[in-house]
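Dropping start-v4.cif in here (mmCIF, C-alpha atoms and all ligand atoms):
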data_model
loop_
_atom_site.label_atom_id
_atom_site.label_comp_id
_atom_site.auth_asym_id
_atom_site.auth_seq_id
_atom_site.Cartn_x
_atom_site.Cartn_y
_atom_site.Cartn_z
CA MET A 1 17.91 36.49 -117.17
CA SER A 2 19.62 34.05 -119.52
CA GLU A 3 19.91 30.39 -118.61
CA THR A 4 23.02 29.44 -116.62
CA ILE A 5 24.44 26.29 -115.15
CA ARG A 6 26.90 26.26 -112.30
CA ILE A 7 29.13 23.26 -111.74
CA ILE A 8 32.04 22.32 -109.49
CA ARG A 9 35.24 23.40 -111.27
CA PRO A 10 36.03 20.63 -113.76
CA ASP A 11 39.01 18.30 -114.23
CA ASP A 12 40.48 17.10 -117.50
CA TRP A 13 41.58 13.52 -116.91
CA HIS A 14 43.54 13.21 -120.19
CA LEU A 15 45.52 16.14 -121.49
CA HIS A 16 48.54 16.71 -123.75
CA LEU A 17 50.49 19.81 -122.81
CA ARG A 18 53.81 19.06 -124.59
CA ASP A 19 56.84 21.00 -123.33
CA GLY A 20 58.86 24.13 -124.15
CA PRO A 21 57.12 26.97 -126.00
CA MET A 22 54.08 24.84 -126.88
CA LEU A 23 53.47 24.11 -123.19
CA LYS A 24 53.58 27.81 -122.36
CA ALA A 25 51.15 28.61 -125.17
CA VAL A 26 48.54 25.91 -124.49
CA LEU A 27 48.56 25.66 -120.69
CA PRO A 28 46.53 28.88 -120.05
CA GLU A 29 43.76 27.50 -122.29
CA THR A 30 43.30 24.68 -119.79
CA THR A 31 43.96 26.58 -116.55
CA GLN A 32 41.28 29.18 -117.38
CA HIS A 33 38.53 26.58 -116.88
CA PHE A 34 40.02 23.47 -115.29
CA ALA A 35 41.35 23.03 -111.74
CA ARG A 36 43.34 19.86 -112.45
CA ALA A 37 44.40 17.73 -115.39
CA LEU A 38 46.04 14.35 -115.87
CA ILE A 39 49.10 15.07 -117.98
CA MET A 40 50.04 12.60 -120.68
CA PRO A 41 53.68 11.49 -120.79
CA ASN A 42 54.21 11.08 -124.58
CA LEU A 43 56.89 13.73 -124.89
CA GLU A 44 59.91 13.32 -127.10
CA PRO A 45 61.68 11.65 -125.24
CA PRO A 46 58.85 10.21 -123.15
CA VAL A 47 58.38 10.58 -119.37
CA ILE A 48 59.49 7.11 -118.35
CA SER A 49 61.15 7.46 -114.94
CA SER A 50 60.15 9.11 -111.69
CA GLN A 51 62.94 11.60 -112.31
CA ASP A 52 61.48 12.49 -115.73
CA ALA A 53 58.05 12.97 -114.12
CA GLN A 54 59.55 15.24 -111.47
CA SER A 55 61.30 17.48 -114.02
CA TYR A 56 58.26 17.59 -116.30
CA ARG A 57 56.03 18.52 -113.36
CA ASP A 58 58.44 21.31 -112.40
CA GLU A 59 58.40 22.64 -115.95
CA ILE A 60 54.60 22.68 -115.96
CA LEU A 61 54.46 24.39 -112.56
CA ARG A 62 56.75 27.14 -113.85
CA ALA A 63 54.45 27.69 -116.86
CA ILE A 64 51.21 28.06 -114.87
CA PRO A 65 49.82 31.59 -115.29
CA GLU A 66 50.11 33.80 -112.23
CA GLY A 67 47.12 33.68 -109.93
CA SER A 68 46.04 30.21 -111.08
CA ASP A 69 45.83 27.35 -108.57
CA PHE A 70 45.84 24.72 -111.34
CA GLU A 71 47.30 21.35 -110.31
CA PRO A 72 48.92 19.04 -112.86
CA ARG A 73 48.58 15.35 -112.01
CA MET A 74 51.34 13.30 -113.54
CA THR A 75 51.58 9.93 -115.31
CA LEU A 76 54.48 7.66 -116.21
CA TYR A 77 54.89 6.19 -119.68
CA LEU A 78 55.13 2.40 -119.40
CA THR A 79 57.84 0.69 -121.38
CA GLU A 80 59.03 -2.91 -121.43
CA GLU A 81 61.89 -1.70 -119.23
CA THR A 82 59.84 0.15 -116.59
CA ASP A 83 61.22 -0.61 -113.15
CA PRO A 84 58.34 -1.60 -110.82
CA ASP A 85 60.22 -0.14 -107.83
CA ASP A 86 60.68 3.23 -109.52
CA LEU A 87 57.01 3.30 -110.50
CA ALA A 88 55.92 2.34 -106.97
CA LYS A 89 58.16 5.05 -105.52
CA ALA A 90 56.62 7.67 -107.83
CA TYR A 91 53.09 6.52 -107.05
CA ASN A 92 53.51 6.16 -103.30
CA SER A 93 55.08 9.61 -103.00
CA GLY A 94 52.13 11.17 -104.87
CA LEU A 95 54.32 12.30 -107.78
CA ILE A 96 52.22 10.31 -110.27
CA ILE A 97 48.64 9.12 -109.96
CA ALA A 98 48.61 6.68 -112.89
CA ALA A 99 50.75 5.01 -115.54
CA LYS A 100 50.00 5.11 -119.25
CA LEU A 101 50.22 2.15 -121.57
CA TYR A 102 50.76 2.87 -125.27
CA PRO A 103 50.97 -0.12 -127.60
CA VAL A 104 54.09 0.54 -129.66
CA GLY A 105 53.35 2.73 -132.67
CA ALA A 106 49.70 3.34 -131.73
CA THR A 107 49.86 7.12 -131.76
CA THR A 108 51.99 10.28 -131.41
CA ASN A 109 55.36 9.51 -129.76
CA SER A 110 54.47 5.93 -128.90
CA PHE A 111 57.62 4.35 -130.30
CA SER A 112 58.86 3.46 -126.81
CA GLY A 113 55.53 1.79 -126.01
CA VAL A 114 54.81 -1.85 -125.30
CA ARG A 115 55.19 -4.51 -128.00
CA ASP A 116 55.09 -7.63 -125.85
CA PHE A 117 52.49 -7.30 -123.11
CA ASP A 118 54.03 -10.19 -121.16
CA LYS A 119 57.02 -7.94 -120.55
CA VAL A 120 54.92 -5.57 -118.43
CA ARG A 121 53.29 -8.30 -116.34
CA ALA A 122 55.45 -7.61 -113.30
CA VAL A 123 54.74 -3.88 -113.44
CA LEU A 124 51.01 -4.45 -113.83
CA ASP A 125 50.99 -6.85 -110.86
CA ARG A 126 52.80 -4.25 -108.79
CA MET A 127 50.34 -1.56 -109.89
CA ALA A 128 47.42 -3.76 -108.84
CA LYS A 129 49.08 -4.29 -105.46
CA ILE A 130 49.69 -0.62 -104.73
CA GLY A 131 46.42 0.61 -106.31
CA CYS A 132 48.05 2.61 -109.12
CA PRO A 133 45.58 2.97 -112.02
CA LEU A 134 46.56 1.95 -115.54
CA CYS A 135 45.48 4.32 -118.32
CA VAL A 136 45.39 2.56 -121.68
CA HIS A 137 45.51 3.71 -125.24
CA GLY A 138 43.23 0.89 -126.35
CA GLU A 139 44.16 0.14 -129.94
CA VAL A 140 46.06 -2.73 -131.49
CA THR A 141 48.68 -1.78 -134.05
CA ASP A 142 48.70 -4.97 -136.09
CA PRO A 143 48.79 -3.75 -139.71
CA ASN A 144 46.33 -6.49 -140.62
CA VAL A 145 43.65 -5.03 -138.37
CA ASP A 146 41.50 -2.36 -139.99
CA ILE A 147 41.96 1.02 -138.30
CA PHE A 148 38.23 1.24 -137.50
CA ASP A 149 38.39 -2.12 -135.65
CA ARG A 150 41.54 -1.48 -133.65
CA GLU A 151 39.78 -0.50 -130.44
CA SER A 152 37.37 -3.43 -130.31
CA VAL A 153 40.14 -5.90 -131.20
CA PHE A 154 42.32 -4.42 -128.44
CA ILE A 155 39.51 -4.94 -125.94
CA ASP A 156 39.11 -8.60 -126.92
CA LYS A 157 42.71 -9.59 -127.50
CA ILE A 158 44.73 -7.45 -125.07
CA LEU A 159 42.61 -5.75 -122.44
CA THR A 160 40.40 -8.69 -121.47
CA PRO A 161 43.40 -10.96 -120.79
CA ILE A 162 45.18 -8.19 -118.84
CA ILE A 163 42.15 -7.62 -116.62
CA THR A 164 41.61 -11.35 -116.09
CA GLN A 165 45.26 -11.98 -115.26
CA THR A 166 45.65 -8.97 -112.97
CA PRO A 167 42.98 -9.03 -110.28
CA GLY A 168 42.63 -5.71 -108.53
CA LEU A 169 44.17 -3.67 -111.36
CA ARG A 170 42.25 -0.43 -111.81
CA VAL A 171 41.99 0.51 -115.47
CA VAL A 172 40.90 3.56 -117.45
CA VAL A 173 40.26 2.89 -121.11
CA GLU A 174 41.19 6.26 -122.54
CA HIS A 175 39.31 8.21 -125.20
CA ILE A 176 36.86 5.46 -126.09
CA THR A 177 35.30 5.70 -129.53
CA THR A 178 33.02 2.68 -129.89
CA LYS A 179 29.79 1.23 -128.55
CA ASP A 180 31.86 -1.92 -127.96
CA ALA A 181 34.01 -0.01 -125.46
CA VAL A 182 30.96 1.49 -123.74
CA ASP A 183 29.42 -1.98 -123.40
CA PHE A 184 32.70 -3.42 -122.14
CA VAL A 185 32.88 -0.82 -119.37
CA LEU A 186 29.22 -1.35 -118.47
CA ALA A 187 29.85 -5.10 -118.15
CA HIS A 188 32.54 -4.57 -115.50
CA ASP A 189 32.63 -3.11 -112.03
CA LYS A 190 33.92 0.16 -110.68
CA ASP A 191 37.58 -0.80 -111.18
CA LEU A 192 37.13 -0.24 -114.90
CA ALA A 193 36.33 3.25 -116.18
CA ALA A 194 36.63 5.16 -119.43
CA THR A 195 37.39 8.69 -120.48
CA ILE A 196 35.51 10.29 -123.34
CA THR A 197 36.79 13.26 -125.33
CA THR A 198 34.86 16.33 -126.40
CA HIS A 199 35.57 15.84 -130.09
CA HIS A 200 34.32 12.25 -130.19
CA LEU A 201 30.96 13.52 -128.94
CA PHE A 202 30.70 15.75 -132.04
CA ILE A 203 32.28 13.96 -134.97
CA ASN A 204 31.87 10.65 -136.72
CA ARG A 205 34.04 9.36 -139.54
CA ASN A 206 32.04 11.21 -142.19
CA HIS A 207 33.16 14.51 -140.70
CA ILE A 208 36.75 13.54 -141.48
CA LEU A 209 36.29 12.14 -144.95
CA VAL A 210 33.19 13.44 -146.74
CA GLY A 211 33.57 16.37 -149.15
CA GLY A 212 37.34 16.52 -148.75
CA ILE A 213 39.75 15.30 -146.10
CA ARG A 214 39.69 17.37 -142.92
CA PRO A 215 42.97 16.97 -141.09
CA HIS A 216 41.84 18.87 -138.00
CA TYR A 217 39.31 16.11 -137.31
CA TYR A 218 41.93 13.39 -137.56
CA CYS A 219 42.83 11.98 -134.16
CA LEU A 220 43.52 8.57 -132.65
CA PRO A 221 41.55 6.53 -132.01
CA VAL A 222 39.93 7.77 -135.22
CA ALA A 223 36.24 8.71 -135.00
CA LYS A 224 33.92 5.84 -135.95
CA ARG A 225 30.36 5.52 -137.36
CA GLU A 226 27.47 7.65 -136.11
CA GLU A 227 26.02 4.79 -134.03
CA HIS A 228 29.24 4.81 -131.99
CA ARG A 229 29.15 8.58 -131.49
CA LEU A 230 25.58 8.19 -130.21
CA ALA A 231 26.70 5.50 -127.76
CA LEU A 232 29.40 7.84 -126.44
CA CYS A 233 26.88 10.66 -126.01
CA ALA A 234 24.54 8.32 -124.14
CA ALA A 235 27.33 7.09 -121.85
CA SER A 236 28.68 10.59 -121.07
CA THR A 237 25.31 12.08 -120.27
CA SER A 238 24.06 9.05 -118.32
CA GLU A 239 25.37 9.94 -114.83
CA ASP A 240 27.14 6.55 -114.77
CA HIS A 241 30.25 7.14 -112.63
CA ARG A 242 32.46 4.98 -114.83
CA PHE A 243 32.48 7.60 -117.62
CA PHE A 244 34.27 10.90 -117.23
CA LEU A 245 35.92 13.68 -119.19
CA GLY A 246 39.40 13.33 -120.61
CA THR A 247 39.63 15.78 -123.49
CA ASP A 248 42.76 14.33 -125.12
CA SER A 249 43.28 17.92 -126.24
CA ALA A 250 46.41 17.45 -128.35
CA PRO A 251 48.04 20.48 -129.91
CA HIS A 252 49.92 20.11 -133.19
CA LEU A 253 51.15 22.97 -135.35
CA ASP A 254 48.86 23.52 -138.34
CA HIS A 255 51.54 22.77 -140.91
CA LEU A 256 52.09 19.38 -139.30
CA LYS A 257 48.40 18.52 -139.48
CA GLU A 258 47.76 19.96 -142.94
CA ALA A 259 50.41 17.74 -144.49
CA ALA A 260 50.75 14.71 -146.74
CA CYS A 261 51.11 12.67 -143.53
CA GLY A 262 49.28 14.74 -140.93
CA CYS A 263 49.57 14.30 -137.16
CA ALA A 264 46.72 12.91 -135.06
CA GLY A 265 45.06 15.15 -132.49
CA CYS A 266 42.26 17.66 -131.92
CA PHE A 267 42.94 20.77 -129.85
CA THR A 268 39.89 21.32 -127.66
CA ALA A 269 41.27 22.94 -124.49
CA THR A 270 39.90 26.35 -125.50
CA ASN A 271 36.23 25.52 -126.02
CA THR A 272 35.60 22.16 -124.35
CA MET A 273 33.25 23.31 -121.59
CA PRO A 274 30.81 25.25 -123.83
CA LEU A 275 30.85 22.36 -126.30
CA LEU A 276 30.01 19.89 -123.55
CA ALA A 277 27.16 22.11 -122.35
CA HIS A 278 25.77 21.90 -125.89
CA ILE A 279 25.95 18.08 -125.94
CA PHE A 280 24.38 17.74 -122.50
CA GLU A 281 21.63 20.21 -123.37
CA GLN A 282 20.85 18.26 -126.55
CA ALA A 283 20.52 15.14 -124.41
CA ASN A 284 18.26 16.94 -121.94
CA ALA A 285 20.87 16.14 -119.33
CA LEU A 286 22.44 19.47 -118.39
CA LEU A 287 22.25 18.49 -114.75
CA ASN A 288 24.55 15.54 -115.45
CA LEU A 289 27.35 17.72 -116.84
CA GLU A 290 28.85 18.20 -113.39
CA GLY A 291 29.14 14.46 -112.80
CA PHE A 292 30.90 13.87 -116.11
CA SER A 293 33.32 16.79 -115.91
CA SER A 294 33.81 17.39 -112.19
CA ARG A 295 32.87 14.40 -110.00
CA HIS A 296 33.20 10.97 -111.61
CA GLY A 297 36.89 11.26 -112.40
CA ALA A 298 37.74 12.63 -108.97
CA ASP A 299 35.89 9.68 -107.45
CA PHE A 300 37.81 7.20 -109.59
CA TYR A 301 41.20 8.73 -108.75
CA GLY A 302 40.23 9.12 -105.08
CA VAL A 303 40.80 12.87 -104.89
CA PRO A 304 38.44 15.45 -103.39
CA PHE A 305 36.13 17.47 -105.60
CA ASN A 306 37.54 20.85 -106.53
CA THR A 307 36.57 23.89 -104.58
CA GLY A 308 35.19 26.76 -106.61
CA GLN A 309 32.74 26.63 -109.44
CA LEU A 310 32.44 27.24 -113.15
CA THR A 311 29.39 28.93 -114.61
CA LEU A 312 28.22 28.34 -118.16
CA GLU A 313 25.69 30.70 -119.65
CA LYS A 314 23.41 30.39 -122.63
CA THR A 315 23.90 33.08 -125.25
CA ASP A 316 21.42 34.64 -127.67
CA ALA A 317 23.82 34.54 -130.60
CA PRO A 318 26.19 31.73 -131.58
CA VAL A 319 29.53 32.01 -129.79
CA ARG A 320 32.55 32.76 -131.97
CA PHE A 321 35.46 30.83 -130.49
CA PRO A 322 38.97 31.72 -131.61
CA LYS A 323 39.84 29.82 -134.80
CA SER A 324 43.36 29.18 -133.62
CA LEU A 325 45.88 29.70 -130.90
CA THR A 326 49.09 31.50 -131.75
CA THR A 327 52.32 29.96 -130.51
CA PRO A 328 55.91 31.09 -131.11
CA GLN A 329 56.28 28.15 -133.53
CA GLY A 330 53.05 28.69 -135.47
CA ASP A 331 49.28 28.41 -135.13
CA VAL A 332 47.28 25.56 -133.59
CA THR A 333 43.73 25.25 -134.90
CA VAL A 334 41.02 25.13 -132.24
CA PHE A 335 38.52 22.30 -132.70
CA ASP A 336 35.49 23.38 -134.74
CA PRO A 337 32.41 21.47 -133.56
CA GLY A 338 30.73 22.06 -136.93
CA VAL A 339 27.49 23.32 -135.33
CA GLU A 340 26.51 26.61 -133.72
CA ILE A 341 27.19 26.70 -129.98
CA TYR A 342 25.10 28.90 -127.70
CA TRP A 343 27.08 28.42 -124.50
CA GLN A 344 30.02 30.26 -123.02
CA VAL A 345 31.93 30.23 -119.76
CA ALA A 346 30.77 33.19 -117.66
CA LYS A 347 33.35 35.67 -116.44
CA GLU A 348 33.44 35.44 -112.64
O1 LIG A 401 44.88 12.03 -131.51
C1 LIG A 401 45.71 11.80 -130.65
N1 LIG A 401 46.71 12.67 -130.36
N2 LIG A 401 45.64 10.63 -129.99
C2 LIG A 401 46.59 10.27 -129.13
O2 LIG A 401 46.47 9.19 -128.59
C3 LIG A 401 47.78 11.11 -128.89
C4 LIG A 401 47.53 12.49 -129.22
C5 LIG A 401 48.82 13.32 -129.33
O3 LIG A 401 49.67 13.20 -128.46
O4 LIG A 401 48.94 14.08 -130.28
ZN ZN A 402 45.98 11.29 -125.60
#
Just give me the structure of the file as structure tokens.
Amino acid sequence: MSETIRIIRPDDWHLHLRDGPMLKAVLPETTQHFARALIMPNLEPPVISSQDAQSYRDEILRAIPEGSDFEPRMTLYLTEETDPDDLAKAYNSGLIIAAKLYPVGATTNSFSGVRDFDKVRAVLDRMAKIGCPLCVHGEVTDPNVDIFDRESVFIDKILTPIITQTPGLRVVVEHITTKDAVDFVLAHDKDLAATITTHHLFINRNHILVGGIRPHYYCLPVAKREEHRLALCAASTSEDHRFFLGTDSAPHLDHLKEAACGCAGCFTATNTMPLLAHIFEQANALLNLEGFSSRHGADFYGVPFNTGQLTLEKTDAPVRFPKSLTTPQGDVTVFDPGVEIYWQVAKE
């Protein structure tokens, strides 16, 4: 019999679903393997009020394939105008389970994000009081800061003061890409956690830039040097509860990525679980895959583990994943890990 590994059904604690036809096209890719996902609010226009979150949640629920028990978990997009009462209402009613902080201009649809962090002090204090986690896109946008340093500078200049000034605030540093971020999380207690994407476990900056520019590997935060990728692999596979899966799977139409000014994002919803099995196997840590993808995040967000299981099986031949997903508006390229993968999700 071929090798298999059976894990509690996983959660994706950082996912972009978009809306409209794109939502309908990409959602089944996630619901086929994941029981829950934390849905990012960077729509155009963004999900900034409890009412926006309610309508977006309803739209997602309507798009869930029949027979699936997938549960979207919602976030609110923090702006300098966010009303702490509205946020508290959304959190206390269970409509949202976190709020997302985008520094203005840091990434896709972040133009309503925060420019002056003092202007969100009251909201952050309220979040600390009610226990609502803050998910952060941890990059500064100062044009004078080199793009490869933007995460570590954010940690020093923005995140450290926020944490010091807001005792009790629970923070998830999203899609970390540096050893600096890993070390920062390790130096704190359980109120600080980090998500790690699938693609950052596979690519370093050479994959994007050597031998021609590869727009499908361009995402934000941009992949860094190999030493950083290795630090992310070590953290993910370590069974440390502060690190968990948030794929940041971010669909963009191919013509918008393969352009003079291409969009940031890797679409990994389709093949994330087999790719993770590969990484964990390489690290001799297959038994830790369940913690990273199914337990640590649930523990952080204080929700029960999923019922049901997902089985991954080793294959004799390399698995051929679809190259792209067809949507009514065009194709979305599926992330290519660049190495042969010998794992697939077993049909139950
Ligand atoms: O690469 C990215 N794509 N990083 C983000 O932070 C946002 C995302 C998107 O929404 O496309
Ligand atoms: Zn994201």
If we count only C-alpha atoms, what is near segment 124-138 of chain A at a cut-off of 8 Å, once residues fewer than 3 positions away on the same chain are taken out, given as an MDAnalysis selection string? chainID A and resid 84 88 91:92 97:103 106 120:121 150:151 154:155 159 166:176 301
Between A:Ile60, A:Ala223, A:Val182, A:Ile8, single out the one closest to Ile147 of chain A, counting all atoms listed in the file.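 Residue with the minimum atom-to-atom distance to Ile147 of chain A: A:Ala223.
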Between chain A and ligand LIG 401 (chain A), at 10 Å or less, what are the per-residue closest atom pairs and their distances in Å? Count only C-alpha atoms and all ligand atoms, order by chain and rising residue number, and return it as a tab-separated table.
residue	atom	partner	partner_atom	distance
A:His14	CA	A:LIG401	O2	9.8
A:Leu15	CA	A:LIG401	O3	8.6
A:His16	CA	A:LIG401	O3	6.0
A:Leu17	CA	A:LIG401	O3	8.7
A:Arg18	CA	A:LIG401	O3	8.2
A:Met40	CA	A:LIG401	O3	7.8
A:Pro41	CA	A:LIG401	O3	8.8
A:Asn42	CA	A:LIG401	O3	6.3
A:Leu43	CA	A:LIG401	O3	8.1
A:Tyr102	CA	A:LIG401	O2	8.3
A:Ala106	CA	A:LIG401	O2	7.4
A:Thr107	CA	A:LIG401	O2	5.1
A:Thr108	CA	A:LIG401	O3	4.8
A:Asn109	CA	A:LIG401	O3	6.9
A:Ser110	CA	A:LIG401	C3	8.5
A:Val136	CA	A:LIG401	O2	9.6
A:His137	CA	A:LIG401	O2	6.5
A:Gly138	CA	A:LIG401	O2	9.2
A:Glu139	CA	A:LIG401	O2	9.4
A:Glu174	CA	A:LIG401	O2	8.5
A:His175	CA	A:LIG401	O2	8.0
A:His216	CA	A:LIG401	O1	9.9
A:Tyr217	CA	A:LIG401	O1	9.0
A:Tyr218	CA	A:LIG401	O1	6.9
A:Cys219	CA	A:LIG401	O1	3.4
A:Leu220	CA	A:LIG401	O1	3.9
A:Pro221	CA	A:LIG401	N2	6.1
A:Val222	CA	A:LIG401	O1	7.5
A:Ala223	CA	A:LIG401	O1	9.9
A:Asp248	CA	A:LIG401	C4	6.6
A:Ser249	CA	A:LIG401	N1	7.5
A:Ala250	CA	A:LIG401	O4	4.6
A:Pro251	CA	A:LIG401	O4	6.5
A:His252	CA	A:LIG401	O4	6.8
A:Cys263	CA	A:LIG401	O4	6.9
A:Ala264	CA	A:LIG401	O1	4.1
A:Gly265	CA	A:LIG401	O1	3.3
A:Cys266	CA	A:LIG401	O1	6.2
A:Phe267	CA	A:LIG401	N1	8.9
Quick one, how far is atom CA of Asp316 of chain A from atom CA of Leu275 of chain A?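 For atom CA of Asp316 of chain A relative to atom CA of Leu275 of chain A, the distance reads 15.5 Å.
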Around segment 39-47 of chain A, with edges along x, y and z and 6 Å added on all six sides, what centre and edge lengths do you get, in Å to one decimal, as JSON?
{"center_x": 55.4, "center_y": 12.6, "center_z": -122.5, "size_x": 24.6, "size_y": 16.9, "size_z": 21.1}
Which protein, DNA or RNA residues are at most 10 Å from (32.8, 13.2, -132.9) in the file's coordinates when you count all atoms listed in the file, listed as number ranges by chain? A: 177, 197-208, 217, 222-226, 228-230, 232-233, 337-338
Enumerate, as a PyMOL selection string, the protein, DNA and RNA residues whose atoms approach (25.7, 14.0, -120.6) to within 8 Å, taking into account all atoms listed in the file and the coordinate frame of the file. chain A and resi 233-239+276+279-281+283+285-286+288-289+292
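Taking atom CA of Gln54 of chain A and atom CA of Leu325 of chain A as endpoints, the distance between them is 27.8 Å.
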What is the atom CA of Asp240 of chain A-atom CA of Ile39 of chain A distance in Å, reported with one decimal?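 Distance between the two atoms: 23.8 Å.
Of the listed residues (A:Thr164, A:Ser50, A:Thr270, A:Thr195), A:Thr195 comes nearest to ligand ZN 402 (chain A); the distances count only C-alpha atoms and all ligand atoms.
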For Ala277 of chain A: contacts at 10 Å, all atoms listed in the file, fewer than 4 positions along chain excluded, given as a VMD selection string: chain A and resid 5 272 to 273 281 to 283 285 to 290 312 to 314 341 to 345
Which is closest to Asp180 of chain A among A:Ser152, A:Asn271, A:Gln329, A:Gln51, if we use all atoms listed in the file?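 Answer, going by the shortest atom-to-atom distance: A:Ser152.
Nearest to ligand ZN 402 (chain A) of all the residues A:Thr75, A:Thr160, A:Ser68, A:Gln309 is A:Thr75, based on all atoms listed in the file.
With all atoms listed in the file as the atoms that count, the minimum distance from Pro143 of chain A to the choices A:Gly105, A:Ser2, A:Ile213, A:Tyr56 is reached by A:Gly105.
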From the set A:Gly246, A:Pro46, A:Pro328, A:Pro274, which residue has the shortest atom-to-atom contact distance to ligand ZN 402 (chain A), counting all atoms listed in the file? A:Gly246
Residues near Pro322 of chain A, cut-off 10 Å, all atoms listed in the file, skip fewer than 2 positions along chain, as an MDAnalysis selection string: chainID A and resid 270:271 319:320 324:325 333:336
Do you know which residues are at most 12 Å from Glu66 of chain A counting all atoms listed in the file, after dropping those on the same chain fewer than 6 positions away, and could you put them as a list in words?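 Everything that qualifies: Leu27, Pro28, Thr31 and Gln32 of chain A.
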Give me a file of those residues, with C-alpha atoms, as a PDB file, in the frame of the given file.
ATOM      1  CA  LEU A  27      48.560  25.660-120.690  1.00  0.00           C
ATOM      2  CA  PRO A  28      46.530  28.880-120.050  1.00  0.00           C
ATOM      3  CA  THR A  31      43.960  26.580-116.550  1.00  0.00           C
ATOM      4  CA  GLN A  32      41.280  29.180-117.380  1.00  0.00           C
TER       5      GLN A  32
END
